[in-house]
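*Asks:* Input: one structure, supplied below.
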Amino acid sequence: MELIQDTGWAAQPTTVEPSLTADIDCDVVVIGGGGGGMSAALRLAEKGVDVVLLEARTLGWGATSRNAGYITNSVAADPEMLGFLLKRERLRELYRYAENAVHFAENAIERHAIDCDYRQEGIVMAAVSKGQLRHVRRNAKVLAEAGSSGEFVEGPEAGLPEGFLGGVREGVGGTVNPGKFALGLRAATIAAGVRVYEHTPARDIADIGAGVVVDTPHGKVKARKALLTTNAASNSLSIAPKHLATPVWTSLIETEPIAPERLDEIGWTSRAPMVTLHMILESYRVTPRGTIAFGTRRVQAGRNPLPDRTPSPTVADDLVRGFHDRFPGLRDIKPVKAWGGWIGMSSTWLPVAGAASDNVLYSAACNGHGFAQAQYVGHLLADHVTGAPRHADLEAIWHGSKRFWPSFVSNPALYLGWLADRATDRMAALGR
């Protein structure tokens with residue numbers, strides 16, 4: 001199995017936009033060229049705003065092109081816990097926001113004619129043990145009360161693989177090739193007339209009252225307003241709220257192509273993409289290439305500046321063991337390549353947006369569920385930074401300028417979560 005530094009979904013762009021080499025002025029500067037930053041810049045360009053987009057690598061280089069490719073209305077791994085912690089109206093607002101984010105991403109694919117293998121097939125939050133199945137039933141009740149479109153399904157009747165006992169099937173969203181999506185959104189951003197500067201990292205940003213000044217290696221950007229859409233790199237900028245996001249490395253593996261009849265034999269007749277209800281989720285999906293892409297399960301925290309890296313061999317080996325445990329009928333299928341990327345986990349474990357200062361707005365909309373949400377929040381922030389009142393969906397995640405509590409996401413804590421998941425797996429195996 002090859003451990004690669006790039007994304008395994010698609011090749012990098014064949015041309016690169018120039019880096020910044022002089023001081024420039026604009027109306028709004030967007031820092032961070034992932035899905036959120038590109039969506040924000042596109043919206044600003046549509047409104048006739050002179051917008052500059054700064055990206056440390058190439059647009060979409062980070063989590064946007066490296067994730068598992070789920071467009072989902074999930075806001076957290078455990079709806080039951082959210083139902084316990086939040087008032088019902090607050091929960092309904094969050095799921096309304098998340099579902100609207102799905103439709104926004106779908107509309108972006110259609111509007112910009114992005115060829116990204118989108119399949120509108122929903123996802124299944126799946127149970128692999130009797131304990132998880134009971135948890136799934138409780139989650140289904142919480143989701144129904146929150147207005148989500150999820151419904152409880154039994155494993156065999158829903159066409160889930162052997163060993164997957166049932167789950168909550170979401171009726172909206174689906175899967176994409178995120179690498180191809182990032183390339184398509186990048187092309188649309190450049191075509192819209194956004195002044196894009198790639199390989200131009202923001203070293204610092206200062207709010208000077210009348211506007212902002214962004215320092216880069218070879219020039220400064222002066223603007224009236226700024227948007228921070230920097231995901232896992234958020235804490236590298238001093239103006240960002242302290243403890244806004246903890247960088248977490250997640251990994252993915254893709255197998256060799258598998259004959260369709262093999263998937264039928266193990267009961268995966270629906271081909272529904274799945275995530276499990278472990279503390280640290282596992283994801284499994286069949287790609288249009290006829291392969292299985294699977295990932296997460298074991299994650300690692302980092303700190304800025306974030307290094308370029310490949311998946312840890314230990315983590316990759318553990319992912320393969322998990323794949324064999326979940327799909328014993330496919331033990332002969334070979335893993336071909338592994339890659340990964342950094343995501344930003346907010347200390348609230350929920351998507352957030354707010355104001356870092358009078359002239360600087362920020363977002364942290366990933367948290368492992370935010371492929372569509374990061375784009376939607378970027379769009380909403382673009383409207384708000386140009387004077388529009390906060391949209392109801394932006395209000396649902398608005399954190400304002402309040403401080404964040406220190407995150408408990410650390411490598412010891414993440415390792416304990418992995419140990420707890422493996423212990424429950426062993427107990428489930430003994431109880432069969």
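By order in the structure tokens, chains are A, B, ...; within a chain, residues start at 1; ligands start at 1, following the order shown.
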Per DSSP on the backbone, what are the strand (DSSP E) residues of region 82-305 of chain A, as a ChimeraX atom specification?
*Replies:* /A:123-127,151-154,166-170,174-175,195-197,204-207,212-216,219-228,245-255,274-276,282-286,292-296,300-301
*Asks:* What's the 10 Å shell around Ala374 (chain A), counting only C-alpha atoms, without same-chain residues fewer than 2 positions away, as a PyMOL selection string?
*Replies:* chain A and resi 34-40+64+101+105+229+231+351-352+363-367+369-372+376-379
*Asks:* Determine, counting only C-alpha atoms, which protein, DNA and RNA residues have an atom within 10 Å of an atom of Glu157 (chain A); residues of the same chain fewer than 5 positions away are not included. Present the result as a list in words.
*Replies:*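 Residues meeting the cut-off are Leu165, Gly166, Gly267, Thr269 and Ser270 of chain A.
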*Asks:* Write the residues you've just listed into a file as a PDB file, in the first residue's frame, and include N, CA and C atoms for each of them.
*Replies:*
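Result file is result38.pdb:
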ATOM      1  N   LEU A 165     -25.920  -3.857  11.483  1.00  0.00           N
ATOM      2  CA  LEU A 165     -27.223  -4.311  11.963  1.00  0.00           C
ATOM      3  C   LEU A 165     -28.373  -3.381  11.614  1.00  0.00           C
ATOM      4  N   GLY A 166     -28.080  -2.162  11.312  1.00  0.00           N
ATOM      5  CA  GLY A 166     -29.115  -1.173  11.016  1.00  0.00           C
ATOM      6  C   GLY A 166     -28.515   0.210  11.134  1.00  0.00           C
ATOM      7  N   GLY A 267     -23.929  -8.694   1.070  1.00  0.00           N
ATOM      8  CA  GLY A 267     -25.165  -8.038   1.463  1.00  0.00           C
ATOM      9  C   GLY A 267     -25.222  -6.549   1.220  1.00  0.00           C
ATOM     10  N   THR A 269     -26.068  -4.593  -0.994  1.00  0.00           N
ATOM     11  CA  THR A 269     -26.797  -4.424  -2.242  1.00  0.00           C
ATOM     12  C   THR A 269     -27.219  -2.975  -2.476  1.00  0.00           C
ATOM     13  N   SER A 270     -27.408  -2.209  -1.389  1.00  0.00           N
ATOM     14  CA  SER A 270     -27.803  -0.798  -1.536  1.00  0.00           C
ATOM     15  C   SER A 270     -26.637   0.084  -1.951  1.00  0.00           C
TER      16      SER A 270
END
*Asks:* Residues near Ala146 (chain A), anyone? I mean within 6 Å using only C-alpha atoms, not counting same-chain ones fewer than 2 positions away, as a short mmCIF file (atom, residue, chain, number, x, y, z; two decimals) with all heavy atoms, in the first residue's frame.
*Replies:*
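So the final result, stored in selection23.cif, reads:
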data_model
loop_
_atom_site.label_atom_id
_atom_site.label_comp_id
_atom_site.auth_asym_id
_atom_site.auth_seq_id
_atom_site.Cartn_x
_atom_site.Cartn_y
_atom_site.Cartn_z
N LEU A 91 -31.65 22.82 18.60
CA LEU A 91 -31.32 21.65 17.80
C LEU A 91 -31.98 21.72 16.42
O LEU A 91 -31.37 21.41 15.40
CB LEU A 91 -31.75 20.38 18.54
CG LEU A 91 -31.11 19.06 18.11
CD1 LEU A 91 -29.61 19.10 18.32
CD2 LEU A 91 -31.71 17.90 18.90
N ARG A 92 -33.24 22.16 16.40
CA ARG A 92 -33.93 22.30 15.13
C ARG A 92 -33.24 23.32 14.24
O ARG A 92 -33.14 23.13 13.02
CB ARG A 92 -35.39 22.70 15.37
CG ARG A 92 -36.24 21.61 16.01
CD ARG A 92 -37.69 22.05 16.14
NE ARG A 92 -38.32 22.13 14.84
CZ ARG A 92 -38.94 21.11 14.24
NH1 ARG A 92 -38.98 19.92 14.83
NH2 ARG A 92 -39.50 21.26 13.07
N LEU A 143 -33.42 12.89 16.04
CA LEU A 143 -33.40 13.51 14.72
C LEU A 143 -34.82 13.84 14.25
O LEU A 143 -35.05 14.89 13.64
CB LEU A 143 -32.71 12.59 13.72
CG LEU A 143 -31.19 12.44 13.91
CD1 LEU A 143 -30.65 11.34 13.00
CD2 LEU A 143 -30.48 13.75 13.62
N ALA A 144 -35.76 12.96 14.53
CA ALA A 144 -37.15 13.22 14.14
C ALA A 144 -37.68 14.46 14.86
O ALA A 144 -38.35 15.31 14.26
CB ALA A 144 -38.02 12.01 14.45
N SER A 148 -35.10 16.52 11.25
CA SER A 148 -34.23 15.93 10.25
C SER A 148 -34.99 14.87 9.45
O SER A 148 -35.99 14.31 9.91
CB SER A 148 -33.01 15.29 10.94
OG SER A 148 -32.23 14.57 10.01
#
*Asks:* Extract, using only C-alpha atoms, all DNA, RNA and protein residues at most 12 Å from Leu330 (chain A), discarding same-chain residues fewer than 5 positions from it, and format them as a list in words.
*Replies:*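 Here the qualifying residues turn out to be Pro161, Glu162, Thr255, Glu256, Pro257, Ile258, Ala259, Glu261, Arg262, Leu263, Asp264, Glu265, Ile266, Gly267, Trp268, Thr291, Ile292, Val320, Arg321, Gly322, Phe323, His324, Asp325 and Pro335 of chain A.
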*Asks:* With only C-alpha atoms as the counted atoms, please give the residues lying no more than 10 Å from Ala10 (chain A), apart from itself and same-chain residues fewer than 5 positions off, as a CSV table (one decimal) with N, CA, C and O atoms, in the first residue's frame.
*Replies:*
chain,number,residue,atom,x,y,z
A,65,SER,N,-10.2,18.8,-0.6
A,65,SER,CA,-10.0,17.8,-1.6
A,65,SER,C,-9.5,16.4,-1.0
A,65,SER,O,-9.3,15.5,-1.7
A,66,ARG,N,-9.4,16.4,0.3
A,66,ARG,CA,-8.9,15.2,1.0
A,66,ARG,C,-9.9,14.4,1.8
A,66,ARG,O,-9.5,13.3,2.4
A,116,CYS,N,-18.1,16.1,-10.6
A,116,CYS,CA,-17.4,15.5,-9.4
A,116,CYS,C,-18.1,14.2,-8.9
A,116,CYS,O,-18.0,13.8,-7.8
A,177,ASN,N,-16.7,13.0,-5.4
A,177,ASN,CA,-15.2,13.0,-5.5
A,177,ASN,C,-14.7,14.3,-5.1
A,177,ASN,O,-14.8,15.3,-5.8
A,178,PRO,N,-14.3,14.5,-3.8
A,178,PRO,CA,-13.9,15.9,-3.3
A,178,PRO,C,-12.8,16.5,-4.1
A,178,PRO,O,-12.7,17.7,-4.2
A,179,GLY,N,-11.9,15.7,-4.6
A,179,GLY,CA,-10.8,16.2,-5.4
A,179,GLY,C,-11.2,16.9,-6.6
A,179,GLY,O,-10.8,18.0,-7.0
A,180,LYS,N,-12.1,16.2,-7.3
A,180,LYS,CA,-12.7,16.8,-8.6
A,180,LYS,C,-13.6,18.0,-8.2
A,180,LYS,O,-13.6,19.0,-9.0
A,181,PHE,N,-14.3,17.9,-7.1
A,181,PHE,CA,-15.1,19.0,-6.7
A,181,PHE,C,-14.2,20.3,-6.5
A,181,PHE,O,-14.6,21.4,-6.9
A,182,ALA,N,-13.1,20.1,-5.8
A,182,ALA,CA,-12.2,21.2,-5.5
A,182,ALA,C,-11.7,21.8,-6.7
A,182,ALA,O,-11.6,23.1,-6.9
A,183,LEU,N,-11.3,21.0,-7.7
A,183,LEU,CA,-10.9,21.5,-9.0
A,183,LEU,C,-11.9,22.3,-9.7
A,183,LEU,O,-11.7,23.4,-10.3
*Asks:* Find the residue from A:Leu20, A:Asn139, A:Pro307, A:Leu430 that sits nearest to Lys220 (chain A); use only C-alpha atoms when measuring.
*Replies:*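 Residue with the minimum atom-to-atom distance to Lys220 (chain A): A:Leu20.
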*Asks:* Counting only C-alpha atoms, which of A:Glu154, A:Glu395, A:Glu121, A:Glu282 gets nearest to Val176 (chain A)?
*Replies:* A:Glu121
*Asks:* Select, from A:Phe294, A:Tyr197, A:Tyr415, A:Trp339, the residue with the minimum atom-to-atom distance to Glu55 (chain A), counting only C-alpha atoms.
*Replies:*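 Nearest candidate to Glu55 (chain A) out of A:Phe294, A:Tyr197, A:Tyr415, A:Trp339: A:Tyr197.
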*Asks:* Have a look at A:Ser19, A:Asn73, A:Ser410, A:Ser357 and name the one nearest to Met345 (chain A); count only C-alpha atoms.
*Replies:*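 Result for the nearest residue to Met345 (chain A): A:Ser410.
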*Asks:* Here is a test: counting only C-alpha atoms, which residue of A:Ile333, A:Glu106, A:Arg96, A:Gly167 is nearest to Lys130 (chain A)?
*Replies:*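 Using only C-alpha atoms, the shortest distance to Lys130 (chain A) belongs to A:Gly167.
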*Asks:* Quick one: of A:His112, A:Ile343, A:Thr424, A:Gly174, who's nearest to Ala192 (chain A), counting only C-alpha atoms?
*Replies:*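 Of A:His112, A:Ile343, A:Thr424, A:Gly174, the one nearest Ala192 (chain A) is A:His112, counting only C-alpha atoms.
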*Asks:* Expressed in Å to a single decimal, how great is the separation between CA of Arg297 (chain A) and CA of Ile280 (chain A)?
*Replies:*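 One can read the CA of Arg297 (chain A) to CA of Ile280 (chain A) distance as 5.4 Å.
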*Asks:* I need the alpha helix (DSSP H) residues of region 238-403 of chain A per DSSP on the backbone, written as a ChimeraX atom specification.
*Replies:* /A:260-265,313-326,371-385,392-397
*Asks:* Between CA of Val153 (chain A) and CA of Tyr97 (chain A), what distance in Å does the model show, to one decimal?
*Replies:*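 Here the two named atoms are 24.3 Å from each other.
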*Asks:* Hey, can you check how far CA of Ala210 (chain A) sits from CA of Asp25 (chain A)?
*Replies:*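 Value for the CA of Ala210 (chain A)-CA of Asp25 (chain A) distance: 13.0 Å.
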*Asks:* Using only C-alpha atoms, which residues sit within 10 Å of Glu17 (chain A) once same-chain residues fewer than 5 positions away are excluded, as a VMD selection string?
*Replies:* chain A and resid 55 58 to 59 190 195 to 199
*Asks:* Per residue of region 239-284 of chain A within 12 Å of region 3-7 of chain A, record the nearest atom pair and its distance in Å to one decimal, counting only C-alpha atoms, with rows in chain order and ascending residue number, as CSV.
*Replies:*
residue,atom,partner,partner_atom,distance
A:Ser251,CA,A:Leu3,CA,10.1
A:Leu252,CA,A:Thr7,CA,9.4
A:Ile253,CA,A:Leu3,CA,9.0
A:Glu254,CA,A:Leu3,CA,10.8
